[in-house]
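**Student:** Encoded as structure tokens, here's the structure I'll be asking about.
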Amino acid sequence: MQGRPLIVALDFETKQEVTSFLTRFPNENLFLKVGMELFYREGPRLIYELKEQGHQLFLDLKLHDIPTTVKRAMSQLAKLEVDLVNVHALGGVNMMIAAKEGLEAGTNMGKVAPPCIAVTQLTSTTPEMLLHELDVQTKLDKHVIHLCDQVSKAELAGVVCSALEVPVIQEKFSSSFLTITPGIRRQEDSTDDQARVVTPTKAKLLGSTGIVVGRGITRAKDPVTAYYHYLQEWGK
Ligand code: C5P
């Protein structure tokens, strides 16, 4: 993954919806995020088609299983030649190392394995959940940094996190540690169900490596204009 991408989250259910969204961008090579919802329905064929159209892809499947299974699964995903993949840091250091090994083992001849990043705690996890449901006694922000430490030990490329967490993470880890941040909204957009949103300008100031934007673009009245507004604020 190169540069500071603006990643558009394709949170659609079907390929038809994806196609009708992308026909609005006939001359743009975008960085797109395909998540579980779409991948479980449309499968690898959609990934090949999007790559063929010249787009870069973040395959957001958040793998979390025993190391052997994750290694084998990553080896399969590597063959899709996507540009970014991810796992749950809660799977542990050995699982994260296995993910990387699987990616390297499955990468097609002459290609480079994509970077793998880790989700620390989901943004839907509240401090109450962490304490009462997961029985984690550490405060949420400290726990996130602890998980970043594990990600760094496994030598993964970085994390998915809130832009608000980026300064602390960057202070603690190397400058090449990726911080990919969802929860991005322009000032005038609705926050939807995101609890803590940050504008593209603020994400840039806080030092995010890449931003993920879904509804701010995909559900906008004019997605193309919205995309360029986000891009302009984020800078290229
Ligand atoms: O529509 P919105 O911009 O809120 O979408 C953000 C995208 O980022 C969605 O695909 C969501 O699943 C994803 N995401 C997130 N928070 C995380 C991890 C992923 O919002 N911590």
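In the structure tokens, chains take letters A, B, ... by order of appearance, with residues numbered from 1 within each chain and ligands from 1 in the order shown.
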Among stretch 33-220 of chain A, which residues carry a DSSP assignment of alpha helix (DSSP H), reported as a PyMOL selection string?
**Tutor:** chain A and resi 36-52+67-78+93-106+127-128+140-153+166-172+200-206+215-218
**Student:** Applying 7 Å and only C-alpha atoms, which residues near A:Leu61 remain after dropping the ones on its own chain fewer than 6 positions away? List them as a PyMOL selection string.
**Tutor:** chain A and resi 35-36+86
**Student:** How would the residues just chosen look if you wrote them out with C-alpha atoms as a PDB file, in the first residue's frame?
**Tutor:**
```
ATOM      1  CA  GLY A  35     -16.321  -6.148   3.640  1.00  0.00           C
ATOM      2  CA  MET A  36     -17.956  -9.386   4.748  1.00  0.00           C
ATOM      3  CA  ASN A  86      -6.863  -7.470   8.141  1.00  0.00           C
TER       4      ASN A  86
END
```
**Student:** Residues near A:Thr138, anyone? I mean within 12 Å using only C-alpha atoms, not counting same-chain ones fewer than 6 positions away, as a list in words.
**Tutor:**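 Contacts, in chain order: Pro127, Glu128, Met129, Leu130, Leu131, His132, Val144, Ile145, His146 and Leu147 of chain A.
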**Student:** Any idea what the distance is between atom CA of A:Arg45 and atom 13 (C, counted along the ligand's line) of ligand 1?
**Tutor:**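 The value is 22.0 Å.
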**Student:** Please identify the residues whose atoms come within 7 Å of ligand 1, using only C-alpha atoms and all ligand atoms, and report them as a VMD selection string.
**Tutor:** chain A and resid 9 11 35 119 122 to 123 160 to 162 182 to 185 194 212 to 216
**Student:** For A:Tyr228, list every protein, DNA or RNA residue within 12 Å, evaluated using only C-alpha atoms, and leave out those in the same chain fewer than 4 positions away; present the list as a ChimeraX atom specification.
**Tutor:** /A:6,8,25,28,30,186,200,216-217,220,222-224,232-236
**Student:** Report, in Å to a single decimal, how far apart atom CA of A:Leu140 and atom CA of A:Leu156 are.
**Tutor:**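 Between atom CA of A:Leu156 and atom CA of A:Leu140 the gap is 21.4 Å.
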**Student:** Applying 7 Å and only C-alpha atoms, which residues near A:Val34 remain after dropping the ones on its own chain fewer than 3 positions away? List them as a PyMOL selection string.
**Tutor:** chain A and resi 9-10+38-39+58-60
**Student:** Within 9 Å of A:Glu37, counting only C-alpha atoms, which residues qualify if same-chain residues fewer than 6 places away don't, as a list of chain:residue names?
**Tutor:**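 Listing them by chain and then by number gives A:Asp11, A:Phe12, A:Glu13, A:Thr14.
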**Student:** Taking the DSSP assignment computed from this structure's backbone, write out as a ChimeraX atom specification all residues of stretch 23-219 of chain A that belong to strand (DSSP E or B).
**Tutor:** /A:31-35,56-63,84-88,116-119,158-160,178-181,184,198,210-213
**Student:** In Å, with one decimal, what is the gap from atom CA of A:Arg4 to atom CA of A:Thr209?
**Tutor:**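 Separating atom CA of A:Arg4 from atom CA of A:Thr209 is a distance of 5.3 Å.
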**Student:** Return the single residue from A:Arg72, A:Arg196, A:Lys100, A:Lys142 that is closest to A:Val168, with distances computed using only C-alpha atoms.
**Tutor:**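 When distances to A:Val168 are compared using only C-alpha atoms, the smallest one comes from A:Lys142.
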**Student:** Applying 8 Å and only C-alpha atoms, which residues near A:Leu178 remain after dropping the ones on its own chain fewer than 5 positions away? List them as a ChimeraX atom specification.
**Tutor:** /A:117,157-159,208-210
